[in-house]
Amino acid sequence: MACFFRRSIAAKLGRTLQQPEDVFIPALSAVPVFKKQQTADFRLSINTLRANGILPSSGDIQLQTENLASQLKQDSVLEDISAGRGAIHFKVNRKLLVQKILEPFGKDDERFSLNSELFNTLKRGTTLVEYSSPNIAKKFHAGHLRSTIIGNFIANLKQSLGHKVIRMNYLGDWGMQFGLLGAGFGQFGCQEKLKQNPLQHLFEVYVQVNKEAEHNEDINQAARDFFKQLEQRESEAVSLWQQFREITVDEYQRVYKRLGVHFDIYSGESFHQDQAQEVVQQLQSRGLLKTSEKGTGVVDLSPAADMSKVYTVLRNDGTTLYITRDLAAAIDRTEKYQFDEMIYVTDKGQATHFQQLFQILLLMGHSWADRCQHVPFGLVRGMKTRSGEVVFLEDVLDEARARMLHNMSQSKTTKEMDDPEDTAEKVGISALIVQDFKGPLLSDYTFDWDRMLQAQGDTGVFLQYTHARLCSLIRRNEGAEAAVFDPSLLLEQTSVSVLQHLLRYDEVLYQSAQDLQPKHLVNFLLKLSHLIASAHRELPVKGSSRDVAQARLRLFSGACSVLANGMRILGITPVNKM
Ligand code: ARG
């Protein structure tokens with residue numbers, strides 16, 4: 001929707017400076033709405049033009065700005081052009097602003113505005129996003145929750161920008177924990193409990209057997225034996241392992257569904273056992289595998305090749321490690337899915353692991369490793385529920401729902417709801433997501449139920465509330481919204497501010513696609529909600545003449561579409577009633 005204006009400005013600049021218009025697109029941006037009274041809608045950065053070689057980078061920048069501004073004449077689209085500090089400001093014709101932004105809203109909200117010329121520079125292709133990736137029988141911690149919602153956001157974003165997206169979950173489904181689990185299950189396990197509450201029961205057995213292993217050498221031996229049987233694919237061991245895995249995946253799928261998350265592929269470390277040994281062979285034949293003093297197999301990553309920085313890929317008993325399986329998994333994925341880029345989402349504690357992974361792949365001659373990226377995030381402190389520590393994803397979701405339901409019970413509209421539990425769940429989850437996405441992903445933060453669930457303030461609840469309120473306004477006036485409306489009835493500053501803000505939507509998505517940070521979108525939607533709140537106050541629909549009411553409804557439904565669209569990209573399901 002900002003396209004039309006960006007195009008016209010770029011075309012004018014192209015004619016004036018005798019350049020193809022496209023070169024100006026990156027230097028143009030919609031002016032963020034700070035103060036209420038803001039006249040300019042777009043700004044052209046002279047610095048960017050200098051950096052891109054369009055204007056000479058020597059000479060006085062202010063002189064250049066004023067010079068260029070004076071050459072640009074107003075026209076029917078651009079009402080005012082003026083020189084600011086190092087930038088030229090454009091004010092677009094007010095009626096056109098209203099028309100062009102509110103025009104394209106038809107039935108096809110889902111995709112609107114997502115074809116912006118800004119996105120043409122993005123290389124669209126196949127993106128594989130790996131996220132969530134919990135470990136079977138172990139705790140699902142806050143890091144896994146963050147990985148799940150961040151990965152889902154990245155996948156949604158890429159998809160909405162036209163990439164083909166493959167969503168992958170890489171389970172921790174291999175390793176000594178299965179030896180212990182297999183050995184311990186006979187003693188502490190119960191098939192009945194496993195069926196009733198699989199994750200809980202597996203975790204209990206795992207905790208018990210670990211405790212036992214601290215003082216009981218027999219159980220350790222049994223664990224080693226069981227794991228060996230697994231590695232040798234002995235059917236009894238394999239079928240127990242398979243049962244654990246299947247039950248866990250089923251259970252996770254049910255919980256992910258509550259979160260609105262899904263995966264195309266459930267892979268896992270177990271898939272790459274044999275391939276990991278092949279990787280070791282390849283490292284050897286390329287002369288990259290060295291033996292350390294301890295007898296382990298290592299790859300030397302030190303610049304001087306003096307073994308001062310080595311990475312272990314093989315234990316001295318010949319078994320492979322986490323990194324070896326990751327090497328194999330990456331190679332396998334490139335062959336199977338021919339991705340154009342691959343994104344791993346985990347906490348920052350694994351940053352070195354991924355650096356080393358990519359480095360070893362490059363050494364092995366896999367130049368596509370340059371198209372792999374790790375998106376790290378910070379720690380969450382104090383994620384607790386009323387009953388204590390969080391062990392499972394479900395605990396957090398239940399708590400969010402219960403607390404939200406409690407807050408909602410204070411409000412009278414809850415009674416008119418068809419399914420308050422479902423609404424509380426969706427709103428509670430949006431609170432979790434907004435709290436998590438507000439700052440830079442790399443920052444640590446402290447989990448705070450009370451703050452995140454506030455209805456006022458910058459929360460997910462506020463976004464949902466704004467959306468529900470818009471929906472209710474639109475519902476109450478069903479049929480009143482007309483296809484044709486008079487743009488001159490939307491020229492109040494409050495309305496113009498909303499429209500000016502909407503001009504930034506594609507830039508915000510573009511920015512998020514560059515650095516994969518959700519904060520730009522979250523802050524954009526929060527600001528939009530504040531502007532909508534003012535519009536509700538100052539531009540009533542009820543009691544206005546039919547024409548005015550029609551025009552205002554148009555504004556509200558346009559804002560509602562953008563809000564809903566942005567929320568969906570974040571991984572939030574907008575509710576219609578609250
Ligand atoms: N299962 C791992 C953990 O919980 C995360 C896996 C991350 N992905 C990977 N390809 N290594 O720490």
# chains A, B, ... in the order shown; residues from 1 in each chain; ligands from 1
$ residues_around --residues "stretch 319-333 of chain A" --least-positions-apart "6" --cutoff "7 Å" --atoms "only C-alpha atoms" --output "VMD selection string"
chain A and resid 269 272 to 273 275 to 276 279 313 357
$ write_last_selection --atoms "N, CA and C atoms" --output "CSV table (one decimal), in the first residue's frame"
chain,number,residue,atom,x,y,z
A,269,GLU,N,18.1,-36.6,16.1
A,269,GLU,CA,19.5,-37.1,16.1
A,269,GLU,C,19.6,-38.5,15.6
A,272,HIS,N,20.5,-39.8,12.1
A,272,HIS,CA,21.8,-39.6,11.4
A,272,HIS,C,22.9,-40.3,12.0
A,273,GLN,N,22.5,-41.4,12.7
A,273,GLN,CA,23.6,-42.3,13.3
A,273,GLN,C,24.6,-42.8,12.3
A,275,GLN,N,24.9,-42.1,9.1
A,275,GLN,CA,25.5,-41.0,8.3
A,275,GLN,C,26.7,-40.3,9.1
A,276,ALA,N,26.5,-40.3,10.4
A,276,ALA,CA,27.6,-39.6,11.2
A,276,ALA,C,28.9,-40.4,11.1
A,279,VAL,N,30.4,-39.4,7.9
A,279,VAL,CA,31.0,-38.1,7.9
A,279,VAL,C,32.4,-38.2,8.5
A,313,VAL,N,34.9,-34.8,17.3
A,313,VAL,CA,33.8,-35.3,16.5
A,313,VAL,C,33.6,-36.8,16.8
A,357,LEU,N,30.1,-25.9,13.6
A,357,LEU,CA,29.5,-26.7,12.6
A,357,LEU,C,29.6,-26.2,11.2
$ residues_around --residues "A:Ala137" --least-positions-apart "4" --cutoff "7 Å" --atoms "only C-alpha atoms" --output "list of chain:residue names"
A:Leu199, A:Leu202, A:Phe203, A:Tyr206
$ closest_residue --among "A:Ser409, A:Asn316, A:Asn120, A:Gln350" --to "ligand 1" --atoms "only C-alpha atoms and all ligand atoms"
A:Gln350
$ select_by_dssp --residues "stretch 214-410 of chain A" --states "strand (DSSP E or B)" --output "PyMOL selection string"
chain A and resi 265-268+289-291+297-300+310-314+320+341-347+372-377+380-381+384-385+388-389
$ residues_around --residues "A:Gly428" --least-positions-apart "2" --cutoff "8 Å" --atoms "only C-alpha atoms" --output "number ranges by chain"
A: 397, 400-401, 403-404, 424-426, 430-432, 453, 460-461
$ closest_atom_pairs --of "chain A" --to "ligand 1" --cutoff "7 Å" --atoms "only C-alpha atoms and all ligand atoms" --output "tab-separated table"
residue	atom	partner	partner_atom_place_in_ligand_line	distance
A:Glu130	CA	ligand 1	8 (N)	6.9
A:Ser133	CA	ligand 1	1 (N)	4.9
A:Pro134	CA	ligand 1	4 (O)	4.8
A:Asn135	CA	ligand 1	1 (N)	5.1
A:His144	CA	ligand 1	4 (O)	6.8
A:Tyr170	CA	ligand 1	8 (N)	6.0
A:Leu171	CA	ligand 1	1 (N)	5.6
A:Gly172	CA	ligand 1	1 (N)	4.4
A:Asp326	CA	ligand 1	10 (N)	5.5
A:Tyr344	CA	ligand 1	8 (N)	6.4
A:Thr346	CA	ligand 1	7 (C)	6.0
$ closest_atom_pairs --of "stretch 17-36 of chain A" --to "stretch 487-509 of chain A" --cutoff "8 Å" --atoms "only C-alpha atoms" --output "tab-separated table"
residue	atom	partner	partner_atom	distance
A:Ser29	CA	A:Glu507	CA	7.5
A:Ala30	CA	A:Arg504	CA	5.6
A:Val31	CA	A:Gln500	CA	7.6
A:Pro32	CA	A:His501	CA	6.6
A:Val33	CA	A:His501	CA	6.0
A:Lys36	CA	A:Ser497	CA	6.8
$ residues_around --residues "A:Met578" --least-positions-apart "6" --cutoff "10 Å" --atoms "only C-alpha atoms" --output "VMD selection string"
chain A and resid 408 411 to 417 420 423 to 424 427 461 464 to 469 472
$ atom_distance --atom1 "atom CA of A:Asp340" --atom2 "atom CA of A:Val522"
27.2 Å
$ select_by_dssp --residues "stretch 41-221 of chain A" --states "alpha helix (DSSP H)" --output "PyMOL selection string"
chain A and resi 46-51+61-71+94-102+142-160+176-188+191-196+198-215+217-221
$ closest_residue --among "A:Val562, A:Val548, A:Leu531, A:Leu128" --to "A:Phe263" --atoms "only C-alpha atoms"
A:Leu128
$ closest_residue --among "A:Ile136, A:Leu473, A:Ala305, A:Leu157" --to "A:Gln242" --atoms "only C-alpha atoms"
A:Ile136
$ atom_distance --atom1 "atom CA of A:Asn197" --atom2 "atom CA of A:Gly182"
17.8 Å
$ closest_residue --among "A:Asp41, A:Asp347, A:Glu204, A:Glu117" --to "A:Leu181" --atoms "only C-alpha atoms"
A:Glu204
